[in-house]
file run_5.cif (mmCIF, C-alpha atoms)
data_query
#
loop_
_atom_site.label_atom_id
_atom_site.label_comp_id
_atom_site.auth_asym_id
_atom_site.auth_seq_id
_atom_site.Cartn_x
_atom_site.Cartn_y
_atom_site.Cartn_z
CA MET U 12 -23.15 -20.78 -197.69
CA GLU U 13 -25.63 -21.70 -195.02
CA PHE U 14 -24.12 -23.11 -191.89
CA VAL U 15 -27.21 -22.91 -189.74
CA SER U 16 -30.45 -23.92 -191.43
CA PRO U 17 -33.67 -21.97 -190.78
CA GLU U 18 -34.78 -24.79 -188.48
CA GLY U 19 -31.66 -24.19 -186.39
CA LEU U 20 -29.63 -27.24 -187.44
CA ARG U 21 -26.00 -27.16 -188.43
CA LEU U 22 -24.40 -29.04 -191.31
CA ASP U 23 -23.91 -32.19 -189.26
CA GLY U 24 -27.35 -32.04 -187.66
CA ARG U 25 -26.28 -30.51 -184.35
CA ARG U 26 -27.92 -27.62 -182.59
CA PRO U 27 -25.82 -24.45 -182.26
CA MET U 28 -25.07 -25.05 -178.56
CA GLU U 29 -24.45 -28.76 -178.98
CA MET U 30 -20.97 -30.19 -178.69
CA ARG U 31 -19.79 -33.23 -180.66
CA GLN U 32 -19.65 -36.59 -178.98
CA ILE U 33 -16.55 -36.91 -176.81
CA ARG U 34 -14.77 -40.04 -175.69
CA GLY U 35 -11.64 -40.38 -173.60
CA GLU U 36 -9.55 -43.45 -172.80
CA ILE U 37 -6.60 -43.72 -170.46
CA GLY U 38 -3.57 -45.91 -171.00
CA ALA U 39 -3.44 -45.97 -174.78
CA VAL U 40 0.39 -46.17 -174.85
CA ALA U 41 1.62 -48.79 -172.40
CA LYS U 42 5.27 -47.74 -172.39
CA ALA U 43 4.61 -44.10 -171.52
CA ASP U 44 4.30 -42.93 -167.92
CA GLY U 45 0.86 -41.61 -168.78
CA SER U 46 -1.16 -41.70 -171.97
CA ALA U 47 -4.63 -41.01 -173.23
CA PHE U 48 -6.73 -41.14 -176.35
CA PHE U 49 -9.31 -38.41 -176.85
CA GLU U 50 -12.03 -38.04 -179.48
CA MET U 51 -14.18 -35.02 -180.21
CA GLY U 52 -16.54 -36.08 -182.96
CA ASN U 53 -14.28 -37.14 -185.81
CA THR U 54 -11.16 -35.53 -184.39
CA LYS U 55 -9.03 -38.21 -182.75
CA VAL U 56 -5.80 -37.51 -180.91
CA ILE U 57 -3.41 -39.53 -178.81
CA ALA U 58 -1.24 -38.04 -176.04
CA ALA U 59 1.73 -39.62 -174.27
CA VAL U 60 3.51 -38.15 -171.24
CA TYR U 61 7.00 -39.12 -170.12
CA GLY U 62 8.24 -37.82 -166.80
CA PRO U 63 9.29 -36.49 -164.49
CA ARG U 64 12.65 -37.80 -165.61
CA GLU U 65 16.18 -36.59 -165.81
CA VAL U 66 16.81 -33.66 -168.15
CA GLU U 67 18.50 -34.82 -171.33
CA ASN U 68 20.22 -31.55 -172.04
CA ARG U 69 22.00 -30.41 -168.85
CA SER U 70 22.20 -26.83 -170.11
CA GLN U 71 18.41 -26.55 -170.21
CA GLN U 72 17.95 -27.77 -166.66
CA ILE U 73 16.06 -25.37 -164.36
CA SER U 74 17.23 -25.58 -160.78
CA ASP U 75 13.93 -24.88 -159.05
CA GLN U 76 11.30 -26.24 -161.40
CA ALA U 77 10.58 -28.93 -163.93
CA LEU U 78 11.13 -28.33 -167.64
CA VAL U 79 7.98 -28.98 -169.67
CA ARG U 80 8.40 -29.91 -173.33
CA CYS U 81 5.60 -30.47 -175.78
CA GLU U 82 5.48 -31.73 -179.33
CA TYR U 83 2.41 -31.60 -181.52
CA THR U 84 2.41 -33.64 -184.71
CA MET U 85 -0.24 -34.64 -187.17
CA ALA U 86 -0.15 -38.05 -188.75
CA ASN U 87 0.30 -38.07 -192.53
CA PHE U 88 -3.10 -39.66 -192.92
CA SER U 89 -4.91 -37.31 -190.53
CA THR U 90 -6.29 -34.93 -193.15
CA GLY U 91 -7.97 -35.52 -196.49
CA ASP U 92 -4.82 -35.10 -198.58
CA ARG U 93 -1.69 -36.88 -197.40
CA MET U 94 0.50 -34.25 -195.75
CA ARG U 95 4.02 -33.54 -196.88
CA LYS U 96 5.65 -32.43 -193.63
CA PRO U 97 3.61 -33.33 -190.57
CA LYS U 98 5.93 -31.70 -188.06
CA GLY U 99 8.30 -28.79 -188.05
CA ASP U 100 5.99 -26.56 -190.02
CA ARG U 101 4.83 -23.27 -188.55
CA ARG U 102 1.38 -24.35 -187.49
CA SER U 103 2.68 -27.38 -185.60
CA THR U 104 5.35 -25.32 -183.90
CA GLU U 105 2.79 -22.74 -182.85
CA ILE U 106 0.38 -25.29 -181.48
CA SER U 107 3.21 -27.08 -179.66
CA LEU U 108 4.08 -23.81 -177.96
CA VAL U 109 0.45 -23.09 -177.11
CA ILE U 110 -0.10 -26.51 -175.56
CA ARG U 111 3.16 -26.27 -173.63
CA GLN U 112 2.27 -22.91 -172.14
CA THR U 113 -1.22 -24.08 -171.26
CA MET U 114 -0.06 -27.24 -169.51
CA GLU U 115 2.89 -25.54 -167.83
CA ALA U 116 0.52 -23.11 -166.17
CA CYS U 117 -1.30 -25.92 -164.43
CA ILE U 118 1.49 -28.38 -163.57
CA LEU U 119 3.04 -27.79 -160.13
CA THR U 120 6.51 -27.57 -161.60
CA HIS U 121 8.17 -26.37 -158.40
CA LEU U 122 7.66 -29.84 -156.90
CA MET U 123 9.97 -31.46 -159.43
CA PRO U 124 13.11 -29.35 -159.79
CA ARG U 125 15.82 -30.35 -162.24
CA SER U 126 13.56 -32.76 -164.07
CA GLN U 127 11.79 -32.85 -167.40
CA ILE U 128 8.24 -33.66 -168.42
CA ASP U 129 7.63 -34.52 -172.08
CA ILE U 130 4.18 -34.30 -173.59
CA PHE U 131 3.75 -35.76 -177.06
CA VAL U 132 0.44 -35.29 -178.85
CA GLN U 133 -0.33 -36.74 -182.21
CA VAL U 134 -3.44 -36.10 -184.25
CA LEU U 135 -4.69 -39.27 -185.87
CA GLN U 136 -7.71 -37.77 -187.57
CA ALA U 137 -8.30 -34.04 -187.94
CA ASP U 138 -11.80 -32.60 -188.23
CA GLY U 139 -11.54 -29.22 -186.55
CA GLY U 140 -10.78 -28.49 -182.91
CA THR U 141 -7.48 -30.40 -182.91
CA ARG U 142 -5.94 -27.88 -180.51
CA SER U 143 -8.69 -28.43 -177.97
CA ALA U 144 -8.69 -32.19 -178.35
CA CYS U 145 -4.92 -32.21 -177.83
CA ILE U 146 -5.15 -30.20 -174.62
CA ASN U 147 -7.89 -32.47 -173.28
CA ALA U 148 -5.88 -35.56 -174.17
CA ALA U 149 -2.76 -34.07 -172.57
CA THR U 150 -4.69 -33.40 -169.35
CA LEU U 151 -5.86 -37.00 -169.18
CA ALA U 152 -2.35 -38.26 -169.90
CA LEU U 153 -0.79 -36.03 -167.23
CA ALA U 154 -3.35 -37.15 -164.66
CA ASP U 155 -2.64 -40.76 -165.63
CA ALA U 156 1.09 -40.19 -165.17
CA GLY U 157 0.45 -38.98 -161.63
CA ILE U 158 2.01 -35.58 -162.26
CA PRO U 159 0.68 -33.07 -159.70
CA MET U 160 -1.50 -30.40 -161.27
CA ARG U 161 -3.43 -27.42 -159.96
CA ASP U 162 -6.56 -28.52 -161.79
CA LEU U 163 -7.59 -30.29 -164.98
CA VAL U 164 -7.20 -28.14 -168.10
CA THR U 165 -10.01 -28.49 -170.58
CA SER U 166 -10.40 -26.72 -173.85
CA CYS U 167 -13.16 -26.15 -176.37
CA SER U 168 -13.68 -23.97 -179.38
CA ALA U 169 -16.64 -21.85 -180.45
CA GLY U 170 -17.40 -19.73 -183.48
CA TYR U 171 -19.92 -17.30 -184.92
CA LEU U 172 -21.52 -18.06 -188.28
CA ASN U 173 -24.82 -16.88 -189.77
CA SER U 174 -25.23 -14.59 -186.74
CA THR U 175 -25.31 -17.58 -184.38
CA PRO U 176 -22.71 -18.57 -181.80
CA LEU U 177 -21.76 -22.18 -182.53
CA LEU U 178 -20.07 -24.52 -180.08
CA ASP U 179 -17.29 -26.93 -181.12
CA LEU U 180 -16.66 -26.20 -184.77
CA ASN U 181 -15.78 -28.99 -187.13
CA TYR U 182 -13.45 -28.60 -190.10
CA VAL U 183 -16.06 -27.34 -192.57
CA GLU U 184 -17.35 -24.72 -190.17
CA ASP U 185 -13.80 -23.76 -189.23
CA SER U 186 -12.73 -23.20 -192.84
CA ALA U 187 -15.76 -21.00 -193.48
CA GLY U 188 -13.63 -17.98 -192.58
CA GLY U 189 -15.65 -16.95 -189.56
CA PRO U 190 -14.15 -16.27 -186.13
CA ASP U 191 -12.88 -19.25 -184.18
CA VAL U 192 -12.38 -18.79 -180.45
CA THR U 193 -10.43 -21.47 -178.58
CA VAL U 194 -10.63 -21.32 -174.79
CA GLY U 195 -8.75 -23.38 -172.22
CA ILE U 196 -9.79 -23.18 -168.58
CA LEU U 197 -9.08 -24.61 -165.15
CA PRO U 198 -12.69 -25.55 -164.39
CA LYS U 199 -12.69 -25.80 -160.60
CA LEU U 200 -10.51 -22.75 -160.08
CA ASP U 201 -12.47 -20.89 -162.78
CA LYS U 202 -9.40 -19.48 -164.47
CA VAL U 203 -8.66 -19.07 -168.16
CA THR U 204 -5.29 -20.39 -169.30
CA LEU U 205 -5.73 -20.23 -173.07
CA LEU U 206 -7.65 -17.76 -175.20
CA GLN U 207 -7.07 -17.58 -178.92
CA MET U 208 -9.12 -16.21 -181.72
CA ASP U 209 -8.69 -15.69 -185.42
CA ALA U 210 -10.73 -13.25 -187.50
CA LYS U 211 -12.58 -10.36 -185.82
CA LEU U 212 -15.58 -10.08 -183.55
CA PRO U 213 -17.37 -7.14 -181.92
CA MET U 214 -16.81 -7.13 -178.14
CA ASP U 215 -20.32 -8.00 -177.01
CA ILE U 216 -20.62 -10.95 -179.39
CA PHE U 217 -17.15 -12.05 -178.37
CA GLU U 218 -18.27 -12.22 -174.74
CA ASN U 219 -21.16 -14.51 -175.72
CA VAL U 220 -18.99 -16.76 -177.83
CA MET U 221 -16.33 -17.01 -175.13
CA GLN U 222 -18.94 -17.81 -172.49
CA LEU U 223 -20.31 -20.55 -174.74
CA ALA U 224 -16.85 -22.04 -175.16
CA ILE U 225 -16.32 -21.93 -171.37
CA GLU U 226 -19.57 -23.85 -170.87
CA GLY U 227 -18.30 -26.43 -173.31
CA CYS U 228 -15.05 -26.67 -171.37
CA LYS U 229 -16.89 -27.28 -168.11
CA ALA U 230 -18.94 -30.07 -169.68
CA ILE U 231 -15.74 -31.70 -170.96
CA ALA U 232 -14.21 -31.31 -167.48
CA ASN U 233 -17.09 -33.26 -165.92
CA TYR U 234 -16.62 -36.01 -168.44
CA ILE U 235 -12.85 -36.15 -167.93
CA ARG U 236 -13.33 -36.34 -164.16
CA GLU U 237 -15.67 -39.29 -164.59
CA VAL U 238 -13.15 -41.05 -166.84
CA LEU U 239 -10.38 -40.53 -164.26
CA LEU U 240 -12.50 -41.75 -161.35
CA GLU U 241 -13.63 -44.80 -163.28
CA ASN U 242 -10.05 -45.60 -164.26
CA THR U 243 -8.85 -45.25 -160.65
CA LYS U 244 -11.60 -47.55 -159.41
CA GLN U 245 -10.66 -50.14 -162.03
CA LEU U 246 -6.98 -49.98 -161.06
CA GLU U 247 -7.82 -50.36 -157.38
CA TYR U 248 -10.12 -53.26 -158.08
CA ARG U 249 -7.44 -55.02 -160.14
CA ARG U 250 -4.74 -54.36 -157.58
CA GLY U 251 -6.81 -56.07 -154.95
CA PRO U 252 -7.25 -55.30 -151.25
CA MET Y 74 -23.37 -48.18 -149.54
CA GLN Y 75 -19.72 -49.08 -149.81
CA GLU Y 76 -19.55 -47.67 -153.31
CA ARG Y 77 -20.75 -44.32 -152.09
CA GLU Y 78 -18.05 -44.26 -149.44
CA GLU Y 79 -15.44 -45.02 -152.07
CA ALA Y 80 -16.75 -42.30 -154.37
CA GLU Y 81 -16.51 -39.81 -151.52
CA GLU Y 82 -12.83 -40.47 -151.08
CA LEU Y 83 -11.70 -40.59 -154.72
CA VAL Y 84 -10.63 -37.17 -155.92
CA THR Y 85 -9.32 -35.65 -159.15
CA PRO Y 86 -6.95 -32.69 -159.58
CA GLY Y 87 -8.55 -29.37 -158.69
CA GLU Y 88 -11.12 -30.72 -156.26
CA VAL Y 89 -11.55 -28.95 -152.97
CA LEU Y 90 -10.29 -30.99 -150.03
CA GLY Y 91 -10.95 -28.52 -147.27
CA LYS Y 92 -10.11 -25.19 -145.76
CA GLY Y 93 -6.53 -24.20 -145.07
CA SER Y 94 -7.47 -23.21 -141.55
CA GLN Y 95 -8.52 -26.77 -140.74
CA LEU Y 96 -6.21 -28.88 -142.89
CA LYS Y 97 -2.59 -28.98 -143.88
CA ALA Y 98 -1.74 -29.84 -147.49
CA GLY Y 99 0.30 -33.05 -147.68
CA ARG Y 100 1.47 -35.02 -150.66
CA GLY Y 101 -0.92 -34.86 -153.59
CA ALA Y 102 -2.54 -31.66 -152.34
CA TYR Y 103 -1.67 -28.00 -152.44
CA PHE Y 104 -2.76 -24.85 -150.65
CA LEU Y 105 -3.91 -21.76 -152.51
CA PRO Y 106 -3.30 -18.69 -150.32
CA GLN Y 107 -5.68 -16.46 -152.32
CA ASN Y 108 -8.79 -18.16 -151.02
CA GLY Y 109 -7.33 -20.27 -148.22
CA THR Y 110 -8.45 -23.62 -149.66
CA VAL Y 111 -6.64 -26.91 -150.01
CA TYR Y 112 -7.04 -28.54 -153.43
CA ALA Y 113 -6.06 -31.96 -154.72
CA SER Y 114 -3.26 -32.16 -157.28
CA LEU Y 115 -3.39 -35.90 -158.08
CA THR Y 116 -6.07 -38.45 -158.93
CA GLY Y 117 -6.51 -40.91 -156.12
CA ARG Y 118 -7.81 -41.63 -152.69
CA ARG Y 119 -8.07 -38.88 -150.12
CA SER Y 120 -6.77 -39.72 -146.67
CA LEU Y 121 -6.40 -37.78 -143.46
CA ILE Y 122 -3.32 -38.09 -141.31
CA PRO Y 123 -3.79 -37.01 -137.70
CA PRO Y 124 -1.27 -34.50 -136.40
CA SER Y 125 1.57 -35.70 -134.22
CA PRO Y 126 0.94 -34.74 -130.59
CA LEU Y 127 4.37 -33.06 -130.35
CA SER Y 128 3.90 -30.52 -133.13
CA SER Y 129 2.58 -27.06 -132.39
CA ASP Y 130 0.31 -27.10 -135.42
CA GLN Y 131 -2.58 -29.39 -134.53
CA ARG Y 132 -4.21 -29.51 -137.96
CA PRO Y 133 -4.55 -32.93 -139.62
CA THR Y 134 -2.74 -33.41 -142.93
CA VAL Y 135 -4.76 -34.36 -145.99
CA GLU Y 136 -3.02 -36.50 -148.61
CA VAL Y 137 -4.00 -37.92 -151.96
CA THR Y 138 -2.39 -41.23 -152.86
CA GLY Y 139 -2.32 -41.84 -156.58
CA HIS Y 140 -1.89 -45.22 -158.19
CA SER Y 141 1.85 -44.51 -158.17
CA ALA Y 142 2.66 -44.64 -161.85
CA HIS Y 143 6.31 -44.50 -160.96
CA GLY Y 144 8.45 -47.19 -159.41
CA ALA Y 145 10.14 -46.81 -156.07
CA ILE Y 146 12.85 -44.22 -155.47
CA PRO Y 147 15.70 -44.75 -153.01
CA GLU Y 148 15.43 -42.55 -149.93
CA PRO Y 149 18.10 -42.11 -147.25
CA GLY Y 150 17.58 -44.83 -144.69
CA SER Y 151 15.92 -47.34 -147.00
CA ILE Y 152 17.25 -50.84 -147.60
CA VAL Y 153 18.00 -51.56 -151.24
CA ILE Y 154 19.07 -54.57 -153.27
CA ALA Y 155 21.80 -53.75 -155.78
CA ARG Y 156 23.99 -55.58 -158.24
CA VAL Y 157 27.72 -54.74 -158.12
CA THR Y 158 28.97 -53.50 -161.47
CA LYS Y 159 32.51 -52.28 -160.82
CA VAL Y 160 35.00 -52.87 -158.04
CA MET Y 161 37.80 -50.37 -157.66
CA ALA Y 162 40.54 -49.80 -155.10
CA ARG Y 163 38.51 -47.60 -152.78
CA MET Y 164 34.90 -48.10 -153.83
CA ALA Y 165 32.46 -50.38 -155.55
CA SER Y 166 29.79 -49.24 -157.94
CA ALA Y 167 26.37 -50.94 -157.96
CA ASP Y 168 23.06 -50.71 -159.86
CA ILE Y 169 20.11 -50.37 -157.48
CA MET Y 170 17.38 -52.83 -158.49
CA CYS Y 171 14.87 -52.84 -155.64
CA VAL Y 172 13.95 -50.41 -152.89
CA GLY Y 173 12.43 -52.33 -150.02
CA PRO Y 174 10.00 -54.80 -151.58
CA LYS Y 175 9.38 -52.80 -154.78
CA SER Y 176 11.52 -52.88 -157.89
CA VAL Y 177 12.63 -49.64 -159.48
CA ARG Y 178 11.48 -48.50 -162.90
CA GLU Y 179 14.64 -46.77 -164.03
CA LYS Y 180 18.27 -47.31 -163.22
CA PHE Y 181 19.81 -45.75 -160.13
CA THR Y 182 23.52 -45.99 -159.43
CA GLY Y 183 24.98 -46.43 -155.97
CA ILE Y 184 28.51 -46.34 -154.61
CA ILE Y 185 29.83 -48.31 -151.64
CA ARG Y 186 32.93 -46.58 -150.35
CA GLN Y 187 35.74 -48.37 -148.62
CA GLN Y 188 34.85 -46.87 -145.25
CA ASP Y 189 31.22 -47.98 -145.55
CA VAL Y 190 31.79 -51.67 -146.27
CA ARG Y 191 31.95 -52.77 -142.65
CA ALA Y 192 31.80 -51.28 -139.19
CA THR Y 193 35.18 -52.41 -137.84
CA GLU Y 194 38.73 -51.85 -139.16
CA ILE Y 195 37.45 -49.73 -141.98
CA ASP Y 196 40.89 -48.65 -143.20
CA LYS Y 197 42.02 -52.24 -143.71
CA VAL Y 198 39.17 -53.15 -146.08
CA ASP Y 199 40.16 -54.79 -149.38
CA MET Y 200 37.42 -54.08 -151.89
CA HIS Y 201 38.21 -57.16 -153.97
CA SER Y 202 37.76 -59.42 -150.93
CA SER Y 203 34.41 -57.81 -150.17
CA PHE Y 204 32.64 -57.62 -153.51
CA ARG Y 205 33.03 -58.85 -157.06
CA PRO Y 206 31.18 -57.63 -160.18
CA GLY Y 207 27.87 -59.45 -160.48
CA ASP Y 208 27.25 -59.90 -156.74
CA ILE Y 209 23.82 -59.10 -155.37
CA VAL Y 210 24.13 -57.03 -152.21
CA ARG Y 211 21.69 -55.71 -149.65
CA ALA Y 212 22.70 -52.19 -148.64
CA LEU Y 213 21.44 -49.18 -146.77
CA VAL Y 214 21.12 -45.82 -148.51
CA LEU Y 215 23.24 -43.31 -146.60
CA SER Y 216 22.44 -40.21 -148.59
CA LEU Y 217 21.52 -38.91 -152.01
CA GLY Y 218 25.24 -38.67 -152.71
CA ASP Y 219 26.62 -36.64 -155.57
CA ALA Y 220 25.21 -36.04 -159.04
CA ARG Y 221 26.26 -39.46 -160.23
CA ALA Y 222 25.35 -41.95 -157.54
CA TYR Y 223 23.72 -42.62 -154.20
CA PHE Y 224 25.99 -43.47 -151.27
CA LEU Y 225 25.35 -46.97 -149.93
CA SER Y 226 26.60 -48.76 -146.85
CA THR Y 227 26.92 -52.43 -145.94
CA ALA Y 228 28.28 -51.76 -142.45
CA LYS Y 229 25.84 -53.97 -140.57
CA ASN Y 230 25.53 -57.68 -139.97
CA GLU Y 231 22.46 -58.10 -142.11
CA LEU Y 232 23.88 -56.05 -144.99
CA GLY Y 233 26.32 -57.26 -147.62
CA VAL Y 234 26.44 -59.91 -150.32
CA VAL Y 235 23.31 -62.05 -150.35
CA SER Y 236 23.99 -63.97 -153.54
CA ALA Y 237 27.14 -64.40 -155.60
CA GLU Y 238 28.41 -66.58 -158.41
CA SER Y 239 31.70 -68.38 -158.12
CA ALA Y 240 34.35 -68.45 -160.84
CA ALA Y 241 32.93 -71.80 -161.91
CA GLY Y 242 29.48 -70.28 -162.40
CA ALA Y 243 27.55 -71.80 -159.50
CA THR Y 244 25.68 -69.88 -156.79
CA MET Y 245 27.89 -69.91 -153.73
CA VAL Y 246 26.89 -70.95 -150.22
CA PRO Y 247 27.74 -68.53 -147.38
CA MET Y 248 30.10 -69.94 -144.78
CA SER Y 249 30.86 -67.04 -142.49
CA TRP Y 250 30.66 -63.28 -142.65
CA THR Y 251 33.79 -63.21 -144.81
CA GLU Y 252 33.63 -66.40 -146.84
CA MET Y 253 31.46 -68.14 -149.40
CA GLN Y 254 32.02 -71.57 -150.88
CA CYS Y 255 31.28 -72.82 -154.38
CA PRO Y 256 29.24 -76.06 -154.24
CA LEU Y 257 30.73 -77.42 -157.47
CA THR Y 258 34.45 -76.92 -156.95
CA GLY Y 259 34.64 -76.48 -153.17
CA GLN Y 260 36.64 -73.29 -153.68
CA ILE Y 261 36.27 -70.66 -150.96
CA GLU Y 262 35.96 -67.04 -152.04
CA GLN Y 263 36.09 -63.93 -149.90
CA ARG Y 264 33.10 -61.64 -149.68
CA LYS Y 265 31.45 -59.38 -147.09
CA VAL Y 266 28.50 -61.70 -146.52
CA ALA Y 267 25.12 -60.60 -145.17
CA LYS Y 268 23.67 -62.46 -142.19
CA VAL Y 269 20.41 -63.79 -143.63
CA GLY Y 270 17.78 -65.02 -141.18
CA GLY Y 271 19.51 -66.92 -138.38
CA GLN Y 272 22.13 -68.66 -140.50
CA ALA Y 273 25.74 -67.90 -141.52
#
call {"tool": "encode", "arguments": {"input": "run_5.cif", "output": "structure tokens"}}
result
Amino acid sequence: MEFVSPEGLRLDGRRPMEMRQIRGEIGAVAKADGSAFFEMGNTKVIAAVYGPREVENRSQQISDQALVRCEYTMANFSTGDRMRKPKGDRRSTEISLVIRQTMEACILTHLMPRSQIDIFVQVLQADGGTRSACINAATLALADAGIPMRDLVTSCSAGYLNSTPLLDLNYVEDSAGGPDVTVGILPKLDKVTLLQMDAKLPMDIFENVMQLAIEGCKAIANYIREVLLENTKQLEYRRGP
Amino acid sequence: MQEREEAEELVTPGEVLGKGSQLKAGRGAYFLPQNGTVYASLTGRRSLIPPSPLSSDQRPTVEVTGHSAHGAIPEPGSIVIARVTKVMARMASADIMCVGPKSVREKFTGIIRQQDVRATEIDKVDMHSSFRPGDIVRALVLSLGDARAYFLSTAKNELGVVSAESAAGATMVPMSWTEMQCPLTGQIEQRKVAKVGGQA
């Protein structure tokens, strides 16, 4: 099947190095300490952060840092066929763990000992790149909650089909069976916190694909920073002098 | 022009605030020893606090003030408003509602011990003549206390019961630092009353 036409256009009309349209909104869930809604093309996710608050299970309390918990769920209606068990299945558990480790690496947990930070991400519509969209939404939600972080974490995926590196795969391109590299970085500190790939790639091509994904992450980081600054200005304006 | 000044001061997590040799990292910022730079850890306004002339380290402190998503938290030395929930033989338990002028987002519990109710004759204090459940008191936070509750004190003239309901259900009027009177029935009830303004 042809994923990149001879003219250089993908199935949805994008160029190989073009990312889908992204949109981020802060404050989607009023009750949560911090929340955000993030869209990457047709993939829509919502993230809610509660914390720092008292640990529910005293036995899990860590005396010198905060406990970070994360739960990834997909809504029943998020994929084409209605899903039977949207949480508790292996994929959801794996992605929950991945998001938790990624966010834990960037939250300054030593500032909040004996407390707990809960990150809940739910996919409302899945069209490839849900992992990345969830991490981006979680970053926005954590920043909204005022939880101190080393840097924003942004994530993007890239693949390699028809001998072309492609940025930000959608569901059709993802299910093609080609390699799918998901990268999460701390953009200002230039550090990688998440690197996952399925299928196989030769080393030199892998470097290209990873670099492409990192570029995508940096572009998302700029956008997320703008959203945060705009939101802060709005809050200050509403609060008054 | 003013917008550009504002944009200069608003920072997001991960932005460079300065060099560690020139600035100290305060709240909302952190210092990375590997490259000696101070980064922001919160979204908000960057502000510089000049060093106190007494300290040996003369670097200014850089702070980032977020839009404080959380409510206030009681600190030792802050004045709080609390509602008394339980009165026992040697202490009274209260729910802290406000810290200073701000209300709290989640419940904090405080304890007023018998020896902290007033400054004089502390061993002769009768808790039931000082507080009743439902009274609103102004208290001072002594310390973080134990795992269950903060330790509060009302041992000052301006601390104590500020508002209480009588047995009849009316808001009582303070008469002295030990008594309050119900306006409906005329009954006098004993409380440790706070000296509000210049009255009582």
call {"tool": "closest_residue", "arguments": {"input": "run_5.cif", "among": "Y:Ala267, Y:Leu105, Y:Ala240, Y:Ala98", "to": "chain U", "atoms": "all atoms listed in the file"}}
result
Y:Leu105
call {"tool": "resolve_selection", "arguments": {"input": "run_5.cif", "expression": "the PyMOL selection byres ((chain U) within 7 of (chain Y))", "output": "list in words"}}
result
Asp44, Ala154, Ala156, Gly157, Ile158, Pro159, Met160, Arg161, Asp162, Leu163, Lys199, Arg236, Leu240 and Thr243 of chain U
call {"tool": "resolve_selection", "arguments": {"input": "run_5.cif", "expression": "the PyMOL selection byres ((chain U and resi 46-49) around 6)", "output": "number ranges by chain"}}
result
U: 34-40, 45, 50, 55-60, 148, 151-152
call {"tool": "resolve_selection", "arguments": {"input": "run_5.cif", "expression": "the PyMOL selection byres ((chain U and resi 75-86) around 7)", "output": "PyMOL selection string"}}
result
chain U and resi 72-74+87-89+97-98+103+106-107+110-111+115+120-135
call {"tool": "residues_around", "arguments": {"input": "run_5.cif", "residues": "Lys202 of chain U", "least_positions_apart": "5", "cutoff": "10 Å", "atoms": "all atoms listed in the file", "output": "CSV table (one decimal) with C-alpha atoms, in the frame of the given file"}}
result
chain,number,residue,atom,x,y,z
U,162,ASP,CA,-6.6,-28.5,-161.8
U,164,VAL,CA,-7.2,-28.1,-168.1
U,195,GLY,CA,-8.8,-23.4,-172.2
U,196,ILE,CA,-9.8,-23.2,-168.6
U,197,LEU,CA,-9.1,-24.6,-165.2
call {"tool": "residues_around", "arguments": {"input": "run_5.cif", "residues": "Thr227 of chain Y", "least_positions_apart": "3", "cutoff": "7 Å", "atoms": "only C-alpha atoms", "output": "ChimeraX atom specification"}}
result
/Y:189-191,212-213,232-233
call {"tool": "residues_around", "arguments": {"input": "run_5.cif", "residues": "Thr193 of chain U", "least_positions_apart": "6", "cutoff": "6 Å", "atoms": "all atoms listed in the file", "output": "list in words"}}
result
Cys167, Ser168, Leu206 and Gln207 of chain U
call {"tool": "atom_distance", "arguments": {"input": "run_5.cif", "atom1": "atom CA of Pro147 of chain Y", "atom2": "atom CA of Ile209 of chain Y"}}
result
16.7 Å
call {"tool": "residues_near_point", "arguments": {"input": "run_5.cif", "point": "(34.1, -45.0, -154.6)", "cutoff": "9 Å", "atoms": "only C-alpha atoms", "output": "short mmCIF file (atom, residue, chain, number, x, y, z; two decimals) with C-alpha atoms, in the coordinates of the input"}}
result
data_model
loop_
_atom_site.label_atom_id
_atom_site.label_comp_id
_atom_site.auth_asym_id
_atom_site.auth_seq_id
_atom_site.Cartn_x
_atom_site.Cartn_y
_atom_site.Cartn_z
CA VAL Y 160 35.00 -52.87 -158.04
CA MET Y 161 37.80 -50.37 -157.66
CA ALA Y 162 40.54 -49.80 -155.10
CA ARG Y 163 38.51 -47.60 -152.78
CA MET Y 164 34.90 -48.10 -153.83
CA ALA Y 165 32.46 -50.38 -155.55
CA SER Y 166 29.79 -49.24 -157.94
CA ILE Y 184 28.51 -46.34 -154.61
CA ILE Y 185 29.83 -48.31 -151.64
CA ARG Y 186 32.93 -46.58 -150.35
CA GLN Y 187 35.74 -48.37 -148.62
CA PHE Y 224 25.99 -43.47 -151.27
#
call {"tool": "closest_residue", "arguments": {"input": "run_5.cif", "among": "Y:Gln95, Y:Gln254, Y:Gln188, Y:Ser120", "to": "Ser236 of chain Y", "atoms": "all atoms listed in the file"}}
result
Y:Gln254
